[in-house]
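Asks: Dropping in run_16.txt, which is compact mmCIF, C-alpha atoms and all ligand atoms:
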```txt
# COMPACT_ATOMS: atom_id res chain seq x y z
CA MET I 251 -6.00 21.12 8.77
CA LYS I 252 -8.12 18.03 8.09
CA VAL I 253 -7.30 14.53 6.88
CA LEU I 254 -9.88 13.01 4.51
CA LYS I 255 -9.81 9.32 3.64
CA PHE I 256 -11.65 7.96 0.61
CA GLY I 257 -12.27 4.21 0.49
CA GLY I 258 -12.38 1.85 -2.48
CA THR I 259 -15.93 2.60 -3.53
CA SER I 260 -15.21 6.34 -3.38
CA VAL I 261 -12.44 5.88 -5.93
CA GLY I 262 -14.08 3.01 -7.77
CA SER I 263 -15.86 4.73 -10.64
CA VAL I 264 -15.80 7.85 -12.77
CA ASN I 265 -18.81 9.27 -10.90
CA SER I 266 -17.40 8.65 -7.45
CA LEU I 267 -14.05 10.17 -8.42
CA LEU I 268 -15.81 13.30 -9.67
CA ASN I 269 -17.66 13.51 -6.34
CA LEU I 270 -14.32 13.13 -4.54
CA LYS I 271 -12.84 15.96 -6.57
CA GLU I 272 -15.71 18.27 -5.71
CA ILE I 273 -15.59 17.39 -2.00
CA VAL I 274 -11.83 17.83 -1.75
CA GLU I 275 -11.61 21.02 -3.77
CA GLY I 276 -14.34 22.54 -1.60
CA GLN I 277 -12.23 22.18 1.57
CA SER I 278 -10.15 24.91 3.15
CA LYS I 279 -6.45 24.23 2.64
CA PRO I 280 -4.16 22.59 3.57
CA THR I 281 -5.93 19.25 3.35
CA ILE I 282 -4.49 15.73 3.28
CA VAL I 283 -6.37 13.16 1.20
CA VAL I 284 -5.67 9.48 1.82
CA VAL I 285 -6.94 7.07 -0.82
CA SER I 286 -7.55 3.33 -1.10
CA ALA I 287 -7.06 1.26 -4.23
CA LEU I 288 -9.89 1.44 -6.80
CA GLY I 289 -12.82 -0.55 -5.38
CA GLY I 290 -12.27 -4.29 -5.66
CA VAL I 291 -8.72 -3.95 -6.99
CA THR I 292 -6.95 -5.27 -3.87
CA ASP I 293 -9.07 -8.45 -4.04
CA LEU I 294 -8.32 -8.74 -7.75
CA LEU I 295 -4.57 -8.27 -7.21
CA ILE I 296 -4.60 -11.11 -4.68
CA LYS I 297 -6.75 -13.38 -6.84
CA THR I 298 -4.44 -12.85 -9.83
CA ALA I 299 -1.40 -13.63 -7.67
CA ARG I 300 -2.95 -16.87 -6.35
CA THR I 301 -3.97 -17.93 -9.85
CA ALA I 302 -0.42 -17.33 -11.12
CA ALA I 303 1.08 -19.22 -8.16
CA ASP I 304 -1.17 -22.17 -9.01
CA GLY I 305 0.42 -22.23 -12.44
CA ASN I 306 -2.90 -21.29 -14.00
CA GLU I 307 -2.56 -19.25 -17.21
CA ASP I 308 -5.87 -17.50 -16.45
CA TYR I 309 -3.83 -15.10 -14.36
CA ARG I 310 -3.03 -13.22 -17.60
CA GLU I 311 -6.70 -12.51 -18.25
CA LEU I 312 -7.18 -11.37 -14.66
CA PHE I 313 -4.16 -9.10 -14.99
CA GLU I 314 -5.62 -7.63 -18.18
CA SER I 315 -8.80 -6.78 -16.27
CA ILE I 316 -6.68 -4.82 -13.76
CA VAL I 317 -5.07 -2.93 -16.66
CA THR I 318 -8.43 -2.20 -18.32
CA ARG I 319 -9.94 -1.05 -15.03
CA HIS I 320 -7.23 1.60 -14.58
CA HIS I 321 -7.20 2.64 -18.23
CA ASP I 322 -10.98 3.08 -18.25
CA ILE I 323 -10.94 5.21 -15.11
CA ILE I 324 -8.14 7.38 -16.47
CA ALA I 325 -9.98 7.84 -19.77
CA GLY I 326 -13.13 8.76 -17.85
CA VAL I 327 -11.73 11.36 -15.46
CA ILE I 328 -8.48 12.77 -16.78
CA THR I 329 -8.22 15.26 -19.59
CA ASP I 330 -4.47 15.08 -19.80
CA ARG I 331 -3.26 15.88 -23.28
CA THR I 332 0.34 14.90 -22.50
CA GLY I 333 -0.65 11.33 -21.64
CA GLU I 334 1.82 11.54 -18.75
CA LEU I 335 -0.43 9.80 -16.22
CA LEU I 336 -1.10 6.97 -18.64
CA LYS I 337 2.65 6.53 -19.18
CA GLU I 338 3.34 6.44 -15.42
CA THR I 339 0.47 4.01 -14.92
CA ASP I 340 1.73 1.72 -17.66
CA THR I 341 5.24 1.73 -16.17
CA LEU I 342 3.82 0.53 -12.84
CA LEU I 343 1.59 -2.03 -14.57
CA ALA I 344 4.58 -3.36 -16.56
CA GLU I 345 6.48 -3.88 -13.29
CA LEU I 346 3.47 -5.64 -11.83
CA SER I 347 3.17 -7.84 -14.90
CA SER I 348 6.80 -8.96 -14.48
CA ILE I 349 6.19 -9.82 -10.83
CA TYR I 350 3.15 -11.93 -11.81
CA GLN I 351 5.19 -13.69 -14.45
CA GLY I 352 7.83 -14.49 -11.82
CA VAL I 353 5.15 -15.89 -9.50
CA TYR I 354 3.75 -17.96 -12.38
CA LEU I 355 7.17 -19.36 -13.37
CA ILE I 356 8.33 -20.14 -9.84
CA ARG I 357 4.84 -21.21 -8.65
CA ASP I 358 5.47 -19.48 -5.37
CA LEU I 359 3.73 -16.61 -3.61
CA SER I 360 5.56 -15.59 -0.44
CA PRO I 361 4.02 -13.05 1.96
CA LYS I 362 6.76 -10.64 0.86
CA THR I 363 5.78 -10.97 -2.82
CA GLN I 364 2.08 -10.68 -2.00
CA ALA I 365 2.76 -7.46 -0.06
CA ALA I 366 4.67 -6.08 -3.05
CA ILE I 367 1.80 -7.02 -5.37
CA VAL I 368 -1.03 -5.49 -3.32
CA SER I 369 0.91 -2.23 -2.92
CA TYR I 370 0.27 -1.46 -6.59
CA GLY I 371 -3.43 -0.85 -5.87
CA GLU I 372 -2.85 2.27 -3.79
CA ARG I 373 0.23 3.32 -5.79
CA LEU I 374 -1.89 3.41 -8.93
CA SER I 375 -5.04 4.97 -7.45
CA SER I 376 -3.15 7.75 -5.63
CA ARG I 377 -1.52 8.84 -8.89
CA ILE I 378 -4.90 9.08 -10.56
CA VAL I 379 -6.40 11.09 -7.70
CA ALA I 380 -3.36 13.39 -7.51
CA ARG I 381 -3.71 14.11 -11.22
CA LEU I 382 -7.43 14.67 -10.88
CA ILE I 383 -7.09 17.32 -8.16
CA SER I 384 -5.47 20.34 -9.69
CA GLY I 385 -2.39 21.64 -7.91
CA SER I 386 -2.19 18.73 -5.46
CA MET I 387 1.03 17.14 -4.28
CA LEU I 388 1.50 13.36 -4.26
CA HIS I 389 3.36 11.70 -1.39
CA ASP I 390 4.65 8.14 -1.06
CA SER I 391 3.59 6.64 2.26
CA ARG I 392 6.23 3.92 1.91
CA ALA I 393 8.71 6.63 2.92
CA PHE I 394 7.08 7.52 6.22
CA ILE I 395 4.73 4.73 7.39
CA LYS I 396 7.13 2.25 8.98
CA THR I 397 6.51 -1.22 10.33
CA GLU I 398 8.57 -3.80 12.18
CA ARG I 399 8.09 -7.57 12.30
CA LYS I 400 6.38 -8.88 15.42
CA HIS I 401 4.93 -12.38 15.75
CA GLY I 402 5.66 -12.88 12.06
CA ARG I 403 3.63 -9.92 10.83
CA PRO I 404 4.27 -6.24 10.22
CA VAL I 405 3.25 -3.97 13.07
CA LEU I 406 3.37 -0.17 12.98
CA ASP I 407 6.39 1.49 14.61
CA SER I 408 4.33 4.38 15.96
CA GLU I 409 7.14 6.58 17.25
CA LEU I 410 9.32 6.37 14.14
CA THR I 411 6.28 6.86 11.89
CA ARG I 412 5.11 9.87 13.88
CA SER I 413 8.45 11.66 13.51
CA LEU I 414 8.68 10.81 9.79
CA VAL I 415 5.13 12.08 9.17
CA VAL I 416 5.89 15.35 10.98
CA GLU I 417 9.01 15.74 8.82
CA GLU I 418 7.20 14.83 5.56
CA PHE I 419 4.43 17.35 6.20
CA ARG I 420 6.50 20.14 7.76
CA PRO I 421 4.79 23.55 7.52
CA GLU I 422 6.71 24.72 4.45
CA VAL I 423 5.70 21.56 2.53
CA LEU I 424 2.14 21.58 3.82
CA GLY I 425 1.57 25.16 2.65
CA GLU I 426 -1.90 26.00 1.37
CA ARG I 427 -2.42 23.01 -0.85
CA ILE I 428 -4.01 19.59 -1.14
CA HIS I 429 -1.82 16.56 -0.49
CA VAL I 430 -2.62 13.08 -1.78
CA VAL I 431 -1.34 10.00 0.05
CA PRO I 432 -1.75 6.30 -0.79
CA GLY I 433 -3.33 4.51 2.18
CA PHE I 434 -2.58 0.99 3.42
CA ILE I 435 1.05 0.69 2.25
CA SER I 436 4.18 0.95 4.36
CA THR I 437 7.75 -0.36 4.51
CA ASP I 438 9.75 -2.40 7.01
CA LYS I 439 11.93 -0.05 9.04
CA HIS I 440 14.98 -2.36 8.79
CA SER I 441 14.82 -3.94 5.33
CA GLY I 442 12.84 -1.30 3.47
CA GLU I 443 10.64 -4.07 2.03
CA VAL I 444 7.11 -3.01 1.20
CA THR I 445 4.55 -4.03 3.84
CA ASN I 446 1.02 -2.93 4.64
CA LEU I 447 -1.24 -2.14 7.56
CA GLY I 448 -3.70 -5.01 6.93
CA ARG I 449 -6.91 -5.20 4.90
CA GLY I 450 -8.90 -2.02 5.31
CA GLY I 451 -5.70 -0.30 6.48
CA SER I 452 -6.16 2.99 4.60
CA ASP I 453 -8.34 4.21 7.46
CA TYR I 454 -5.38 3.58 9.77
CA THR I 455 -2.94 5.49 7.49
CA ALA I 456 -5.27 8.49 7.65
CA SER I 457 -5.62 8.27 11.42
CA ILE I 458 -1.85 7.99 11.95
CA ILE I 459 -1.29 11.12 9.84
CA ALA I 460 -4.12 13.04 11.52
CA ALA I 461 -2.73 12.24 14.99
CA ALA I 462 0.89 13.05 14.10
CA LEU I 463 -0.10 16.44 12.68
CA ASP I 464 -2.75 17.28 15.31
CA ALA I 465 -5.37 17.64 12.60
CA GLU I 466 -8.65 19.32 13.51
CA ALA I 467 -10.62 16.29 12.22
CA LEU I 468 -10.32 12.94 10.50
CA GLU I 469 -13.01 12.32 7.88
CA ILE I 470 -13.73 8.81 6.63
CA TRP I 471 -15.58 9.12 3.30
CA THR I 472 -17.31 5.91 2.31
CA ASP I 473 -20.44 4.55 0.63
CA VAL I 474 -22.96 4.81 3.48
CA ASP I 475 -24.45 7.82 5.30
CA GLY I 476 -22.40 7.25 8.43
CA PHE I 477 -21.89 4.77 11.22
CA MET I 478 -25.13 2.82 11.31
CA THR I 479 -26.95 0.85 13.96
CA ALA I 480 -26.00 -2.35 12.08
CA ASP I 481 -24.41 -3.40 8.80
CA PRO I 482 -26.98 -2.16 6.25
CA ARG I 483 -26.18 -5.12 3.99
CA VAL I 484 -27.34 -7.46 6.72
CA ILE I 485 -30.05 -5.33 8.36
CA PRO I 486 -31.74 -3.15 5.71
CA THR I 487 -33.62 -1.13 8.32
CA ALA I 488 -30.40 0.02 10.02
CA TYR I 489 -30.14 3.80 10.37
CA THR I 490 -27.35 6.32 10.86
CA ILE I 491 -26.13 7.10 14.39
CA ASN I 492 -25.50 10.85 14.86
CA SER I 493 -22.73 10.55 17.41
CA LEU I 494 -20.70 7.89 19.16
CA SER I 495 -17.98 8.00 21.79
CA TYR I 496 -14.55 6.63 20.88
CA VAL I 497 -15.13 3.69 23.21
CA GLU I 498 -18.50 2.84 21.64
CA ALA I 499 -17.04 3.07 18.13
CA MET I 500 -14.06 0.93 19.14
CA GLU I 501 -16.34 -1.76 20.52
CA LEU I 502 -18.52 -1.86 17.41
CA CYS I 503 -15.53 -1.81 15.03
CA ASN I 504 -13.66 -4.54 16.89
CA PHE I 505 -16.77 -6.65 16.65
CA GLY I 506 -17.23 -6.35 12.93
CA ALA I 507 -18.58 -2.91 12.01
CA LYS I 508 -16.46 -2.82 8.86
CA VAL I 509 -17.07 0.87 8.26
CA ILE I 510 -13.87 1.72 10.19
CA TYR I 511 -10.76 -0.49 10.45
CA PRO I 512 -10.44 -1.10 14.22
CA PRO I 513 -6.87 0.22 14.88
CA THR I 514 -7.93 3.54 13.35
CA ILE I 515 -9.69 4.83 16.46
CA TYR I 516 -6.79 4.77 18.92
CA PRO I 517 -4.32 7.32 17.43
CA VAL I 518 -6.98 10.03 17.05
CA CYS I 519 -8.69 9.14 20.33
CA VAL I 520 -5.56 9.88 22.40
CA LYS I 521 -5.29 13.25 20.64
CA ASN I 522 -9.01 13.94 21.05
CA ILE I 523 -9.40 14.50 17.29
CA PRO I 524 -13.00 13.89 16.14
CA ILE I 525 -13.71 11.31 13.42
CA ARG I 526 -16.50 12.09 10.96
CA VAL I 527 -17.95 9.30 8.82
CA LYS I 528 -19.42 10.74 5.62
CA ASN I 529 -20.95 9.50 2.38
CA THR I 530 -19.10 10.36 -0.86
CA PHE I 531 -22.37 9.72 -2.74
CA ASN I 532 -24.44 11.93 -0.43
CA PRO I 533 -22.06 14.60 0.91
CA SER I 534 -24.82 16.79 2.34
CA ALA I 535 -25.92 14.07 4.79
CA PRO I 536 -24.66 14.99 8.27
CA GLY I 537 -22.88 11.65 8.81
CA THR I 538 -21.64 10.45 12.19
CA VAL I 539 -19.27 12.16 14.55
CA ILE I 540 -17.09 10.10 16.89
CA ARG I 541 -15.53 11.99 19.78
CA ASN I 542 -15.13 12.04 23.56
CA ASP I 543 -18.01 14.15 24.74
CA VAL I 544 -21.17 12.80 23.14
CA GLU I 545 -24.47 13.78 24.62
CA ASP I 546 -26.27 10.94 26.33
CA ASP I 547 -29.22 10.08 24.10
CA ARG I 548 -30.45 7.62 26.73
CA LYS I 549 -30.48 4.76 24.28
CA PRO I 550 -29.18 1.71 26.10
CA ILE I 551 -28.02 0.10 22.83
CA LYS I 552 -26.20 2.14 20.19
CA GLY I 553 -25.66 -0.53 17.56
CA ILE I 554 -25.22 -4.20 16.79
CA SER I 555 -22.32 -5.82 14.97
CA SER I 556 -21.15 -9.34 14.27
CA ILE I 557 -17.95 -11.12 13.29
CA ASN I 558 -17.09 -14.25 11.34
CA GLY I 559 -13.91 -16.30 11.38
CA THR I 560 -13.51 -16.35 15.15
CA SER I 561 -12.59 -19.25 17.45
CA LEU I 562 -14.11 -19.78 20.85
CA ILE I 563 -11.97 -22.10 22.95
CA THR I 564 -12.76 -23.51 26.36
CA VAL I 565 -9.93 -25.00 28.41
CA THR I 566 -11.54 -27.19 31.04
CA GLY I 567 -10.64 -29.84 33.61
CA LEU I 568 -11.02 -30.48 37.32
CA SER I 569 -7.24 -30.47 37.63
CA MET I 570 -7.32 -26.71 36.97
CA VAL I 571 -9.24 -25.99 40.18
CA GLY I 572 -7.13 -23.99 42.62
CA VAL I 573 -3.97 -24.28 40.50
CA ILE I 574 -2.26 -20.92 40.49
CA GLY I 575 -0.93 -19.68 37.13
CA VAL I 576 -3.04 -21.80 34.75
CA ASN I 577 -4.43 -18.71 33.04
CA ARG I 578 -0.97 -17.20 32.84
CA ARG I 579 0.19 -20.28 30.94
CA ILE I 580 -2.78 -20.13 28.55
CA PHE I 581 -2.30 -16.44 27.80
CA THR I 582 1.48 -16.72 27.49
CA ALA I 583 1.08 -19.50 24.91
CA LEU I 584 -1.41 -17.37 22.95
CA ALA I 585 0.74 -14.22 23.16
CA ASP I 586 3.88 -16.11 22.08
CA ASN I 587 2.02 -17.10 18.94
CA GLY I 588 0.72 -13.62 18.23
CA ILE I 589 -2.90 -14.55 18.90
CA SER I 590 -5.05 -11.73 20.13
CA VAL I 591 -7.73 -12.53 22.72
CA PHE I 592 -10.80 -10.31 22.64
CA MET I 593 -13.01 -11.99 25.23
CA VAL I 594 -12.36 -14.00 28.39
CA SER I 595 -14.55 -15.69 30.94
CA GLN I 596 -13.64 -17.98 33.80
CA ALA I 597 -16.04 -20.07 35.86
CA SER I 598 -15.89 -19.06 39.50
CA SER I 599 -15.19 -22.69 40.40
CA GLU I 600 -11.98 -22.26 38.35
CA ASN I 601 -12.59 -25.46 36.39
CA SER I 602 -12.78 -23.74 33.00
CA THR I 603 -11.57 -20.69 31.10
CA SER I 604 -13.20 -19.66 27.83
CA ILE I 605 -11.52 -17.35 25.35
CA GLY I 606 -12.54 -15.75 22.09
P1 LIG V 1 -14.44 1.72 2.15
O1 LIG V 1 -14.16 1.10 0.83
O2 LIG V 1 -14.98 3.10 2.04
O3 LIG V 1 -13.31 1.60 3.13
P2 LIG V 1 -15.81 -0.45 3.54
O4 LIG V 1 -16.45 -1.44 2.65
O5 LIG V 1 -14.52 -0.80 4.20
O6 LIG V 1 -15.70 0.92 2.72
O7 LIG V 1 -16.82 0.00 4.70
C1 LIG V 1 -18.11 0.49 4.38
C2 LIG V 1 -19.11 -0.65 4.48
O8 LIG V 1 -19.14 -1.13 5.83
C3 LIG V 1 -20.52 -0.25 4.21
O9 LIG V 1 -20.81 -0.32 2.83
C4 LIG V 1 -21.33 -1.24 5.02
O10 LIG V 1 -21.83 -2.27 4.21
C5 LIG V 1 -20.34 -1.86 5.99
N1 LIG V 1 -20.76 -1.76 7.39
C6 LIG V 1 -20.69 -2.77 8.30
N2 LIG V 1 -21.16 -2.39 9.48
C7 LIG V 1 -21.52 -1.08 9.35
C8 LIG V 1 -22.08 -0.12 10.25
N3 LIG V 1 -22.35 -0.39 11.52
N4 LIG V 1 -22.33 1.12 9.76
C9 LIG V 1 -22.07 1.43 8.47
N5 LIG V 1 -21.54 0.56 7.58
C10 LIG V 1 -21.27 -0.69 8.00
N1 LIG V 2 -7.06 -1.46 -0.47
C1 LIG V 2 -6.87 -2.06 0.83
C2 LIG V 2 -7.93 -3.14 1.05
O1 LIG V 2 -8.78 -3.36 0.18
C3 LIG V 2 -6.88 -1.05 1.94
C4 LIG V 2 -8.16 -0.27 2.11
O2 LIG V 2 -8.98 -0.24 1.21
O3 LIG V 2 -8.32 0.34 3.17
O4 LIG V 2 -7.90 -3.78 2.06
MG MG V 3 -12.70 0.19 4.61
```
Can I see the file as structure tokens?
Replies:
Amino acid sequence: MKVLKFGGTSVGSVNSLLNLKEIVEGQSKPTIVVVSALGGVTDLLIKTARTAADGNEDYRELFESIVTRHHDIIAGVITDRTGELLKETDTLLAELSSIYQGVYLIRDLSPKTQAAIVSYGERLSSRIVARLISGSMLHDSRAFIKTERKHGRPVLDSELTRSLVVEEFRPEVLGERIHVVPGFISTDKHSGEVTNLGRGGSDYTASIIAAALDAEALEIWTDVDGFMTADPRVIPTAYTINSLSYVEAMELCNFGAKVIYPPTIYPVCVKNIPIRVKNTFNPSAPGTVIRNDVEDDRKPIKGISSINGTSLITVTGLSMVGVIGVNRRIFTALADNGISVFMVSQASSENSTSIG
């Protein structure tokens, strides 16, 4: 059994959805397909929410563009004479419209409301994909991807989620069919409120499911030929890397290789499940495989990545020299505030500590 994840661009247009259908229907069954929101829709959902919260009437026009986007895609890919999918879609969109109106009237956008709003992206796209793939079964990941609040943000409850995933996809349900799952979205294990796994989190949903079910592979289908030596939008001469170890991929992803959401690697790495990065627009390209035992290609540098929005802080002072526990105090303060440190260096004279 394999888990295939299709990102925003792979579900963003009529053409890409038809490619997805062909790729998925060509797989041996059972197969689990995790999908993102239609490309650009999550950004649009957030922009509309912020516009409404600012009391700006333009939010209505933005909302209409979300409606049109989904209607156009449905008209382009679904030959559904009953109009059932359109009805279901419009029910969800009507709910969303009411939420936006509430935000506009109250002029307030809490994190809870924003999480509810962005969840519509994957809830809508997964319905479309499930309808597109004949005989598939749609699941609701809010029922089995569970988070808890830590440092003010939702964090996956791995153990609870694992057991719920195993139950959701028990052998008699899994059968010989294709299953469609919305990525990214989850619920709080105590309150049941809708949460999510963070931007780009559909990759993580797919990895969590693949690990829980001991899948034979996790495939990340995207808009480039594989994991490349650099971001092709920044470095046009970047080329595809055939294979990477989990550790190499983790390093590159944590440092900005957006092609895989960083937390994705860990669940499949501990189960030794290979990750394949493939191109929805060029399915015959071999892509990249990420696994434990990669042959040494003797290249000292596998790839280059970069990150924005990072703080580098240096704590310095002669009074730090020889004082035991200074670093403990720095790191405790950071941990208490939920700040993750990805790089540390301390001068051997002990008069400064730098952290990223
Ligand atoms: P998806 O919608 O499929 O999740 P993303 O936009 O999240 O797609 O990730 C794919 C994009 O990641 C590519 O279009 C590419 O521009 C960017 N990217 C950044 N670094 C790399 C890299 N090292 N290799 C491949 N793609 C990269
Ligand atoms: N739709 C979500 C986002 O844009 C999750 C994802 O695409 O992985 O961040
Ligand atoms: Mg992504």
Asks: Residues near range 549-553 of chain I, anyone? I mean within 8 Å using only C-alpha atoms, not counting same-chain ones fewer than 3 positions away, as a PyMOL selection string.
Replies: chain I and resi 478-480+491+498+502+546
Asks: Can you work out which one of I:Leu346, I:Leu254, I:Ile328, I:Val576 has the shortest atom-to-atom distance to Thr298 in chain I, counting only C-alpha atoms?
Replies: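 Under the stated criterion, the closest residue is I:Leu346.
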Asks: Give the padded box for ligand LIG 1 (chain V) as AutoDock Vina command-line options: axis-aligned, covering all atoms listed in the file, 5 Å on each side, centre and edge lengths in Å to one decimal.
Replies:
```
--center_x -17.8 --center_y 0.2 --center_z 6.2 --size_x 19.0 --size_y 15.9 --size_z 20.7
```
Asks: Select, from I:Pro524, I:Val444, I:Ala535, I:Val379, the residue with the minimum atom-to-atom distance to Thr363 in chain I, counting only C-alpha atoms.
Replies: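 Ranking I:Pro524, I:Val444, I:Ala535, I:Val379 by distance to Thr363 in chain I, first place goes to I:Val444.
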Asks: Find the residues near ligand MG 3 (chain V). Use a cut-off of 8 Å, count all atoms listed in the file, and write them as a ChimeraX atom specification.
Replies: /I:257-258,449-453,472,508-511
Asks: Hey, could you make a per-residue contact list for chain I against ligand LIG 2 (chain V) with 10 Å as the cut-off, showing the nearest pair of atoms and its distance in Å to one decimal, counting all atoms listed in the file, sorted by chain and number, as a Markdown table?
Replies:
```
| residue | atom | partner | partner_atom | distance |
| --- | --- | --- | --- | --- |
| I:Lys255 | CA | V:LIG2 | O3 | 9.1 |
| I:Phe256 | CA | V:LIG2 | O2 | 8.6 |
| I:Gly257 | CA | V:LIG2 | O2 | 5.6 |
| I:Gly258 | CA | V:LIG2 | O2 | 5.4 |
| I:Thr259 | CA | V:LIG2 | O2 | 8.9 |
| I:Val284 | CA | V:LIG2 | O3 | 9.6 |
| I:Val285 | CA | V:LIG2 | O2 | 7.9 |
| I:Ser286 | CA | V:LIG2 | O2 | 4.5 |
| I:Ala287 | CA | V:LIG2 | N1 | 4.6 |
| I:Leu288 | CA | V:LIG2 | N1 | 7.5 |
| I:Gly289 | CA | V:LIG2 | O1 | 7.4 |
| I:Gly290 | CA | V:LIG2 | O1 | 6.9 |
| I:Val291 | CA | V:LIG2 | N1 | 7.2 |
| I:Thr292 | CA | V:LIG2 | O1 | 4.8 |
| I:Asp293 | CA | V:LIG2 | O1 | 6.6 |
| I:Leu294 | CA | V:LIG2 | O1 | 9.6 |
| I:Leu295 | CA | V:LIG2 | O1 | 9.8 |
| I:Val368 | CA | V:LIG2 | N1 | 7.8 |
| I:Ser369 | CA | V:LIG2 | N1 | 8.4 |
| I:Tyr370 | CA | V:LIG2 | N1 | 9.5 |
| I:Gly371 | CA | V:LIG2 | N1 | 6.5 |
| I:Glu372 | CA | V:LIG2 | N1 | 6.5 |
| I:Ser375 | CA | V:LIG2 | N1 | 9.7 |
| I:Pro432 | CA | V:LIG2 | C3 | 9.4 |
| I:Gly433 | CA | V:LIG2 | O3 | 6.6 |
| I:Phe434 | CA | V:LIG2 | C3 | 5.0 |
| I:Ile435 | CA | V:LIG2 | C3 | 8.1 |
| I:Asn446 | CA | V:LIG2 | C3 | 8.6 |
| I:Leu447 | CA | V:LIG2 | C3 | 8.0 |
| I:Gly448 | CA | V:LIG2 | O4 | 6.5 |
| I:Arg449 | CA | V:LIG2 | O4 | 3.3 |
| I:Gly450 | CA | V:LIG2 | O3 | 3.2 |
| I:Gly451 | CA | V:LIG2 | O3 | 4.3 |
| I:Ser452 | CA | V:LIG2 | O3 | 3.7 |
| I:Asp453 | CA | V:LIG2 | O3 | 5.8 |
| I:Tyr454 | CA | V:LIG2 | O3 | 7.9 |
| I:Thr455 | CA | V:LIG2 | O3 | 8.6 |
| I:Ala456 | CA | V:LIG2 | O3 | 9.8 |
| I:Ile510 | CA | V:LIG2 | O3 | 9.1 |
| I:Tyr511 | CA | V:LIG2 | O3 | 7.7 |
```
Asks: Deliver the residues from the most recent selection as a file, using C-alpha atoms, as a short mmCIF file (atom, residue, chain, number, x, y, z; two decimals), keeping the file's coordinate frame.
Replies:
```cif
data_model
loop_
_atom_site.label_atom_id
_atom_site.label_comp_id
_atom_site.auth_asym_id
_atom_site.auth_seq_id
_atom_site.Cartn_x
_atom_site.Cartn_y
_atom_site.Cartn_z
CA LYS I 255 -9.81 9.32 3.64
CA PHE I 256 -11.65 7.96 0.61
CA GLY I 257 -12.27 4.21 0.49
CA GLY I 258 -12.38 1.85 -2.48
CA THR I 259 -15.93 2.60 -3.53
CA VAL I 284 -5.67 9.48 1.82
CA VAL I 285 -6.94 7.07 -0.82
CA SER I 286 -7.55 3.33 -1.10
CA ALA I 287 -7.06 1.26 -4.23
CA LEU I 288 -9.89 1.44 -6.80
CA GLY I 289 -12.82 -0.55 -5.38
CA GLY I 290 -12.27 -4.29 -5.66
CA VAL I 291 -8.72 -3.95 -6.99
CA THR I 292 -6.95 -5.27 -3.87
CA ASP I 293 -9.07 -8.45 -4.04
CA LEU I 294 -8.32 -8.74 -7.75
CA LEU I 295 -4.57 -8.27 -7.21
CA VAL I 368 -1.03 -5.49 -3.32
CA SER I 369 0.91 -2.23 -2.92
CA TYR I 370 0.27 -1.46 -6.59
CA GLY I 371 -3.43 -0.85 -5.87
CA GLU I 372 -2.85 2.27 -3.79
CA SER I 375 -5.04 4.97 -7.45
CA PRO I 432 -1.75 6.30 -0.79
CA GLY I 433 -3.33 4.51 2.18
CA PHE I 434 -2.58 0.99 3.42
CA ILE I 435 1.05 0.69 2.25
CA ASN I 446 1.02 -2.93 4.64
CA LEU I 447 -1.24 -2.14 7.56
CA GLY I 448 -3.70 -5.01 6.93
CA ARG I 449 -6.91 -5.20 4.90
CA GLY I 450 -8.90 -2.02 5.31
CA GLY I 451 -5.70 -0.30 6.48
CA SER I 452 -6.16 2.99 4.60
CA ASP I 453 -8.34 4.21 7.46
CA TYR I 454 -5.38 3.58 9.77
CA THR I 455 -2.94 5.49 7.49
CA ALA I 456 -5.27 8.49 7.65
CA ILE I 510 -13.87 1.72 10.19
CA TYR I 511 -10.76 -0.49 10.45
#
```
Asks: Quick one: residues within 12 Å of Pro533 in chain I, all atoms listed in the file counted, chain neighbours fewer than 5 positions away excluded, as a PyMOL selection string?
Replies: chain I and resi 260+266+269-274+276+469-476+526-528
Asks: Would you be able to write out as a list in words which residues have an atom within 12 Å of (-2.5, -20.1, -6.4) in the file's coordinates, counting only C-alpha atoms?
Replies: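 Every polymer residue passing the test: Ile296, Lys297, Thr298, Ala299, Arg300, Thr301, Ala302, Ala303, Asp304, Gly305, Asn306, Glu307, Asp308, Tyr309, Tyr350, Val353, Tyr354, Leu355, Ile356, Arg357, Asp358, Leu359, Ser360 and Gln364 of chain I.
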Asks: Which one is closest to ligand LIG 1 (chain V): I:Val261, I:Arg392, I:Ile515, I:Leu414? Count all atoms listed in the file.
Replies: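 Closest to ligand LIG 1 (chain V) of all the choices is I:Val261.
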Asks: Using only C-alpha atoms, pick whichever of I:Asp464, I:Glu398, I:Glu311, I:Glu338 has the shortest atom-to-atom distance to Val415 in chain I.
Replies: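 Closest to Val415 in chain I of all the choices is I:Asp464.
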